[in-house]
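target.cif follows (mmCIF, C-alpha atoms):
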```cif
data_start
loop_
_atom_site.label_atom_id
_atom_site.label_comp_id
_atom_site.auth_asym_id
_atom_site.auth_seq_id
_atom_site.Cartn_x
_atom_site.Cartn_y
_atom_site.Cartn_z
CA MET A 195 22.76 13.49 5.49
CA SER A 196 21.67 13.60 9.13
CA GLY A 197 22.66 11.80 12.31
CA ARG A 198 20.11 13.31 14.71
CA THR A 199 19.54 11.74 18.11
CA PRO A 200 16.50 11.98 20.43
CA ALA A 201 18.58 14.26 22.66
CA ASP A 202 19.30 16.53 19.68
CA ALA A 203 15.60 16.62 18.82
CA ARG A 204 14.59 17.50 22.37
CA GLY A 205 17.01 20.40 22.40
CA TRP A 206 15.77 21.65 19.05
CA ALA A 207 12.15 21.43 20.22
CA VAL A 208 12.97 23.56 23.26
CA LEU A 209 14.85 26.04 21.07
CA GLY A 210 12.01 26.36 18.55
CA THR A 211 9.45 26.95 21.30
CA ARG A 212 11.72 29.53 22.93
CA LEU A 213 12.17 31.40 19.65
CA PHE A 214 8.43 31.34 18.97
CA LEU A 215 7.57 32.61 22.44
CA ALA A 216 10.29 35.26 22.40
CA ALA A 217 8.25 36.99 19.71
CA ALA A 218 4.74 35.97 20.75
CA GLU A 219 5.13 37.16 24.35
CA GLY A 220 5.00 40.72 22.98
CA PHE A 221 2.04 40.20 20.64
CA GLY A 222 -1.26 41.97 21.09
CA PRO A 223 -4.36 41.60 18.89
CA ALA A 224 -2.85 43.56 15.98
CA GLU A 225 0.33 41.51 15.89
CA TYR A 226 -1.55 38.23 16.08
CA ALA A 227 -3.84 39.33 13.27
CA ALA A 228 -0.91 39.84 10.88
CA PRO A 229 -0.60 37.32 8.03
CA THR A 230 2.07 34.65 7.79
CA PRO A 231 3.66 33.06 4.71
CA LEU A 232 1.20 30.17 5.11
CA PRO A 233 -1.80 30.87 2.86
CA GLY A 234 -4.88 31.95 4.81
CA TRP A 235 -3.19 31.75 8.19
CA SER A 236 -2.60 34.64 10.55
CA ARG A 237 -0.05 34.53 13.36
CA ALA A 238 -2.94 33.62 15.65
CA HIS A 239 -3.71 30.55 13.51
CA LEU A 240 -0.05 29.58 13.70
CA ALA A 241 0.10 29.98 17.48
CA ALA A 242 -3.10 27.97 17.98
CA HIS A 243 -1.73 25.25 15.71
CA LEU A 244 1.56 25.05 17.63
CA ALA A 245 -0.22 24.91 20.98
CA ALA A 246 -2.67 22.28 19.77
CA ASN A 247 0.24 20.27 18.37
CA ALA A 248 1.88 20.15 21.80
CA ASP A 249 -1.34 18.91 23.38
CA ALA A 250 -1.82 16.36 20.58
CA LEU A 251 1.71 15.01 20.99
CA GLY A 252 0.95 14.88 24.69
CA ASN A 253 -1.80 12.41 23.82
CA LEU A 254 0.83 10.18 22.22
CA VAL A 255 3.03 10.54 25.31
CA HIS A 256 0.05 9.30 27.37
CA TRP A 257 -0.34 6.40 24.93
CA ALA A 258 3.32 5.45 25.33
CA ALA A 259 3.20 5.78 29.11
CA THR A 260 -0.02 3.82 29.70
CA GLY A 261 -0.55 1.62 26.65
CA GLU A 262 -3.98 3.21 26.23
CA PRO A 263 -4.50 4.19 22.56
CA THR A 264 -4.93 7.98 22.55
CA PRO A 265 -4.96 9.55 19.07
CA MET A 266 -3.44 12.97 18.52
CA TYR A 267 -6.80 14.37 17.34
CA ALA A 268 -10.35 13.04 17.45
CA SER A 269 -10.62 13.73 13.70
CA PRO A 270 -9.13 16.03 11.05
CA GLU A 271 -12.23 18.20 11.37
CA GLU A 272 -11.79 18.55 15.12
CA ARG A 273 -8.13 19.47 14.60
CA LEU A 274 -9.11 22.36 12.32
CA ALA A 275 -11.95 23.41 14.61
CA GLY A 276 -9.53 23.55 17.52
CA ILE A 277 -7.23 25.88 15.61
CA GLU A 278 -10.15 28.13 14.75
CA ARG A 279 -11.23 28.27 18.40
CA GLY A 280 -7.70 28.95 19.53
CA ARG A 281 -6.94 31.72 17.09
CA ALA A 282 -9.98 33.63 18.41
CA LEU A 283 -8.65 33.67 21.98
CA PRO A 284 -7.48 36.95 23.52
CA ALA A 285 -3.80 37.53 22.79
CA ALA A 286 -2.57 36.85 26.33
CA GLU A 287 -4.59 33.61 26.57
CA LEU A 288 -3.31 32.38 23.22
CA THR A 289 0.31 33.03 24.20
CA SER A 290 -0.27 31.28 27.54
CA TRP A 291 -1.65 28.25 25.70
CA VAL A 292 1.49 28.06 23.54
CA ARG A 293 3.72 28.27 26.60
CA GLU A 294 1.76 25.99 28.93
CA SER A 295 1.10 23.28 26.33
CA ALA A 296 4.83 23.15 25.60
CA GLU A 297 5.57 22.84 29.31
CA ARG A 298 3.07 19.99 29.66
CA LEU A 299 4.61 18.15 26.72
CA THR A 300 8.13 18.56 28.13
CA ALA A 301 7.01 17.24 31.51
CA GLY A 302 5.34 14.24 29.90
CA LEU A 303 8.43 13.39 27.87
CA ASP A 304 10.64 13.76 30.93
CA ALA A 305 8.54 11.17 32.77
CA LEU A 306 8.85 8.40 30.14
CA THR A 307 10.93 5.37 31.11
CA PRO A 308 13.45 3.79 28.70
CA GLU A 309 10.89 1.09 27.90
CA GLN A 310 8.14 3.62 27.26
CA TRP A 311 10.36 5.54 24.83
CA GLN A 312 10.22 2.44 22.61
CA ALA A 313 6.44 2.04 22.83
CA PRO A 314 4.70 2.26 19.41
CA VAL A 315 2.26 5.12 18.85
CA THR A 316 0.36 6.27 15.76
CA THR A 317 0.72 9.79 14.38
CA ALA A 318 -2.04 11.90 12.86
CA GLN A 319 -0.76 10.80 9.43
CA GLY A 320 -1.29 7.14 10.35
CA ARG A 321 2.39 6.25 10.78
CA THR A 322 3.36 3.95 13.62
CA VAL A 323 6.56 5.18 15.29
CA PRO A 324 8.30 4.65 18.63
CA ALA A 325 7.70 7.35 21.23
CA ALA A 326 11.38 8.25 20.82
CA GLU A 327 10.35 9.91 17.53
CA LEU A 328 8.03 12.40 19.26
CA PRO A 329 10.73 14.98 20.14
CA TRP A 330 11.66 15.19 16.46
CA LEU A 331 8.03 15.67 15.42
CA ARG A 332 7.82 18.54 17.91
CA ALA A 333 11.17 20.02 16.86
CA ARG A 334 10.02 20.25 13.24
CA GLU A 335 6.84 22.05 14.20
CA ALA A 336 8.41 24.44 16.70
CA CYS A 337 11.45 25.45 14.67
CA VAL A 338 9.81 25.77 11.25
CA HIS A 339 6.84 27.66 12.63
CA ALA A 340 9.12 29.99 14.59
CA VAL A 341 10.36 31.03 11.15
CA ASP A 342 6.81 31.17 9.73
CA LEU A 343 5.88 33.64 12.46
CA ALA A 344 7.87 36.23 10.47
CA ALA A 345 8.97 38.00 13.63
CA GLY A 346 12.75 37.92 13.35
CA THR A 347 13.71 34.23 13.26
CA ALA A 348 15.05 32.88 9.96
CA PHE A 349 16.23 29.45 8.87
CA ALA A 350 19.78 30.79 9.19
CA ASP A 351 19.17 31.20 12.94
CA LEU A 352 18.47 27.47 13.41
CA PRO A 353 21.21 24.91 14.19
CA ALA A 354 22.94 23.29 11.23
CA GLY A 355 22.19 19.85 12.66
CA PHE A 356 18.49 20.62 12.74
CA LEU A 357 18.53 21.96 9.18
CA ALA A 358 20.34 18.87 7.89
CA ALA A 359 17.86 16.60 9.69
CA LEU A 360 14.97 18.64 8.30
CA CYS A 361 16.28 18.36 4.73
CA ALA A 362 16.72 14.60 5.16
CA ASP A 363 13.18 14.26 6.50
CA VAL A 364 11.65 16.26 3.65
CA LEU A 365 13.65 14.39 1.03
CA ALA A 366 12.48 11.05 2.40
CA LYS A 367 8.95 12.12 1.47
CA ARG A 368 9.33 14.46 -1.50
CA ALA A 369 12.16 12.77 -3.44
CA PRO A 370 12.55 15.46 -6.14
CA ALA A 371 14.00 14.40 -9.47
CA PHE A 372 17.07 16.60 -9.18
CA ALA A 373 20.26 16.64 -7.15
CA LEU A 374 20.83 18.93 -4.17
CA ARG A 375 24.01 20.00 -2.44
CA THR A 376 25.56 22.68 -0.29
CA PRO A 377 28.64 24.45 -1.67
CA ASP A 378 30.90 22.72 0.87
CA GLY A 379 29.45 19.30 0.03
CA GLY A 380 28.34 18.76 3.61
CA VAL A 381 24.80 18.01 2.46
CA ARG A 382 24.23 16.08 -0.76
CA TRP A 383 21.29 14.27 -2.24
CA ASN A 384 21.31 12.43 -5.55
CA PRO A 385 18.13 10.83 -6.88
CA PRO A 386 18.26 7.22 -7.99
CA GLY A 387 19.10 6.63 -11.62
CA SER A 388 21.45 8.39 -13.98
CA GLY A 389 23.75 11.16 -12.91
CA ASP A 390 22.59 13.76 -15.44
CA GLN A 391 19.80 15.37 -13.40
CA PRO A 392 19.92 19.13 -12.78
CA VAL A 393 21.71 20.22 -9.61
CA VAL A 394 20.36 22.74 -7.11
CA GLU A 395 23.16 24.21 -5.01
CA ALA A 396 22.63 26.56 -2.07
CA GLU A 397 23.66 27.09 1.52
CA LEU A 398 21.95 24.83 4.06
CA PRO A 399 19.41 27.41 5.37
CA GLN A 400 18.35 28.21 1.81
CA LEU A 401 17.99 24.52 0.96
CA ALA A 402 15.84 23.97 4.05
CA ALA A 403 13.65 26.95 3.19
CA TYR A 404 13.33 25.74 -0.40
CA LEU A 405 12.55 22.11 0.43
CA THR A 406 9.85 23.12 2.91
CA GLY A 407 8.23 25.37 0.30
CA ARG A 408 9.06 28.58 2.16
CA ARG A 409 11.39 30.22 -0.35
CA HIS A 410 12.21 29.68 -4.01
CA ILE A 411 15.74 29.20 -5.31
CA GLU A 412 16.33 30.80 -8.68
CA GLY A 413 16.59 28.20 -11.41
CA ALA A 414 15.12 25.43 -9.21
CA PRO A 415 11.78 23.75 -9.86
CA PRO A 416 9.00 25.16 -7.62
CA LEU A 417 7.92 23.14 -4.58
CA GLY A 418 4.67 23.48 -2.66
CA PRO A 419 4.42 23.98 1.12
CA TRP A 420 5.45 21.15 3.45
CA LEU A 421 4.45 20.80 7.13
#
```
What do you get writing this file as structure tokens?
Amino acid sequence: MSGRTPADARGWAVLGTRLFLAAAEGFGPAEYAAPTPLPGWSRAHLAAHLAANADALGNLVHWAATGEPTPMYASPEERLAGIERGRALPAAELTSWVRESAERLTAGLDALTPEQWQAPVTTAQGRTVPAAELPWLRAREACVHAVDLAAGTAFADLPAGFLAALCADVLAKRAPAFALRTPDGGVRWNPPGSGDQPVVEAELPQLAAYLTGRRHIEGAPPLGPWL
């Protein structure tokens, strides 16, 4: 379904951050206080989360570069506390954190050697992955949350390659008991077993929105939020 490369992922991460900041640069307190589609989260929560994510992935970059184990977050509780602290920042400071944390992460990734890109690091979910996976982890966060900001960016504005990679990533974890496909057949997923499962057919942006729990497709089983 997807043939993403680290270079693809780095480009998508930059794009997602740019889209997020294109809206957030104009936000004041009222705009940041507005709700998002994520239950209980304002735009300020979302911005603090994205900024903290860049800093946390930066910890993994440090791990890959030095060999010194550096977890993304001290604990799940500290992760949530950091978001709460961040969302209370003045609007300009919060936007600066989003921008500057992304710049620090990009600089750290740029400095990795070919050997360091293969260094194993452990994500907040406990998965051990090579550092080469970090751009994709950032791309998911930046692009999906640029849509969640509800400030003009939609899944249809994201590259088809990213959307296909996102669908593949979600399906590797969710594995719904029904088939999925785009009308042109470019993206297909059939669950193991017999071929008589229901089929959900939609354009790629709609499938991505559905699989990530952002939008329902009529006639399809409901899915909860992802990411």
Kindly assemble as CSV a list of the region 264-375 of chain A residues that lie within 8 Å of region 215-221 of chain A, each paired with its nearest atom pair and their distance in Å to one decimal, using only C-alpha atoms, sorted first by chain and then by ascending residue number.
```
residue,atom,partner,partner_atom,distance
A:Ala285,CA,A:Phe221,CA,6.8
A:Ala286,CA,A:Glu219,CA,8.0
A:Thr289,CA,A:Ala218,CA,6.3
A:Val292,CA,A:Leu215,CA,7.7
A:Arg293,CA,A:Leu215,CA,7.1
A:Ala345,CA,A:Ala217,CA,6.2
A:Gly346,CA,A:Ala217,CA,7.8
```
Residues within 8 Å of (14.0, 8.8, 20.0), file coords, only C-alpha atoms, listed as a PyMOL selection string: chain A and resi 199-201+311-312+324-330
Coordinates-based distance that separates CA of Ala414 (chain A) from CA of Arg334 (chain A) (Å, one decimal): 23.6 Å
Do you have, as CSV, the list of residues of region 250-360 of chain A lying at most 10 Å from region 231-236 of chain A, each with its nearest atom pair and that distance in Å to one decimal, counting all atoms listed in the file and ordered by chain then number?
```
residue,atom,partner,partner_atom,distance
A:Arg281,CA,A:Ser236,CA,8.4
A:His339,CA,A:Leu232,CA,9.7
A:Val341,CA,A:Pro231,CA,9.5
A:Asp342,CA,A:Pro231,CA,6.2
A:Leu343,CA,A:Pro231,CA,8.1
A:Ala344,CA,A:Pro231,CA,7.8
```
Answer key for the PyMOL selection byres ((chain A and resi 377) around 8), residues as a list in words: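 Applied to this file, the PyMOL selection byres ((chain A and resi 377) around 8) returns Arg375, Thr376, Asp378, Gly379, Gly380, Glu395, Ala396 and Glu397 of chain A.
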For CA of Val323 (chain A) and CA of Trp257 (chain A), the interatomic separation in Å (one decimal): 11.9 Å
Between CA of Leu303 (chain A) and CA of Leu421 (chain A) - distance in Å to one decimal: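 Computing it gives 22.4 Å between the two atoms.
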Expected selection from the PyMOL selection byres ((chain A and resi 392) around 8), given as a PyMOL selection string: chain A and resi 372-373+390-391+393-394
Which of A:Leu374, A:Cys337, A:Ala228, A:Thr211 sits closest to Glu294 (chain A) [using only C-alpha atoms]: A:Thr211
N, CA and C atoms are needed for region 201-222 of chain A; please write them out as a compact mmCIF listing (two decimals), in the frame of the given file.
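So part36.txt came out as:
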```
# COMPACT_ATOMS: atom_id res chain seq x y z
N ALA A 201 18.12 13.13 21.84
CA ALA A 201 18.58 14.26 22.66
C ALA A 201 18.70 15.52 21.82
N ASP A 202 19.24 15.38 20.60
CA ASP A 202 19.30 16.53 19.68
C ASP A 202 17.89 17.09 19.46
N ALA A 203 16.96 16.19 19.15
CA ALA A 203 15.60 16.62 18.82
C ALA A 203 14.95 17.33 20.00
N ARG A 204 15.18 16.85 21.21
CA ARG A 204 14.59 17.50 22.37
C ARG A 204 15.14 18.91 22.53
N GLY A 205 16.43 19.07 22.31
CA GLY A 205 17.01 20.40 22.40
C GLY A 205 16.48 21.33 21.34
N TRP A 206 16.30 20.82 20.13
CA TRP A 206 15.77 21.65 19.05
C TRP A 206 14.32 22.04 19.31
N ALA A 207 13.55 21.11 19.89
CA ALA A 207 12.15 21.43 20.22
C ALA A 207 12.08 22.56 21.24
N VAL A 208 12.93 22.49 22.25
CA VAL A 208 12.97 23.56 23.26
C VAL A 208 13.38 24.87 22.61
N LEU A 209 14.38 24.82 21.74
CA LEU A 209 14.85 26.04 21.07
C LEU A 209 13.74 26.65 20.22
N GLY A 210 13.06 25.83 19.42
CA GLY A 210 12.01 26.36 18.55
C GLY A 210 10.90 27.01 19.35
N THR A 211 10.50 26.37 20.45
CA THR A 211 9.45 26.95 21.30
C THR A 211 9.93 28.27 21.90
N ARG A 212 11.19 28.31 22.34
CA ARG A 212 11.72 29.53 22.93
C ARG A 212 11.74 30.67 21.91
N LEU A 213 12.14 30.37 20.70
CA LEU A 213 12.17 31.40 19.65
C LEU A 213 10.76 31.89 19.33
N PHE A 214 9.82 30.96 19.26
CA PHE A 214 8.43 31.34 18.97
C PHE A 214 7.90 32.25 20.07
N LEU A 215 8.10 31.84 21.32
CA LEU A 215 7.57 32.61 22.44
C LEU A 215 8.29 33.93 22.63
N ALA A 216 9.57 34.00 22.26
CA ALA A 216 10.29 35.26 22.40
C ALA A 216 9.62 36.37 21.62
N ALA A 217 9.01 36.01 20.49
CA ALA A 217 8.25 36.99 19.71
C ALA A 217 6.82 37.11 20.22
N ALA A 218 6.17 35.96 20.43
CA ALA A 218 4.74 35.97 20.75
C ALA A 218 4.44 36.60 22.09
N GLU A 219 5.37 36.56 23.03
CA GLU A 219 5.13 37.16 24.35
C GLU A 219 4.80 38.66 24.23
N GLY A 220 5.27 39.30 23.16
CA GLY A 220 5.00 40.72 22.98
C GLY A 220 3.83 41.02 22.06
N PHE A 221 3.12 39.99 21.60
CA PHE A 221 2.04 40.20 20.64
C PHE A 221 0.76 40.63 21.34
N GLY A 222 0.10 41.62 20.75
CA GLY A 222 -1.26 41.97 21.09
C GLY A 222 -2.16 41.56 19.94
```
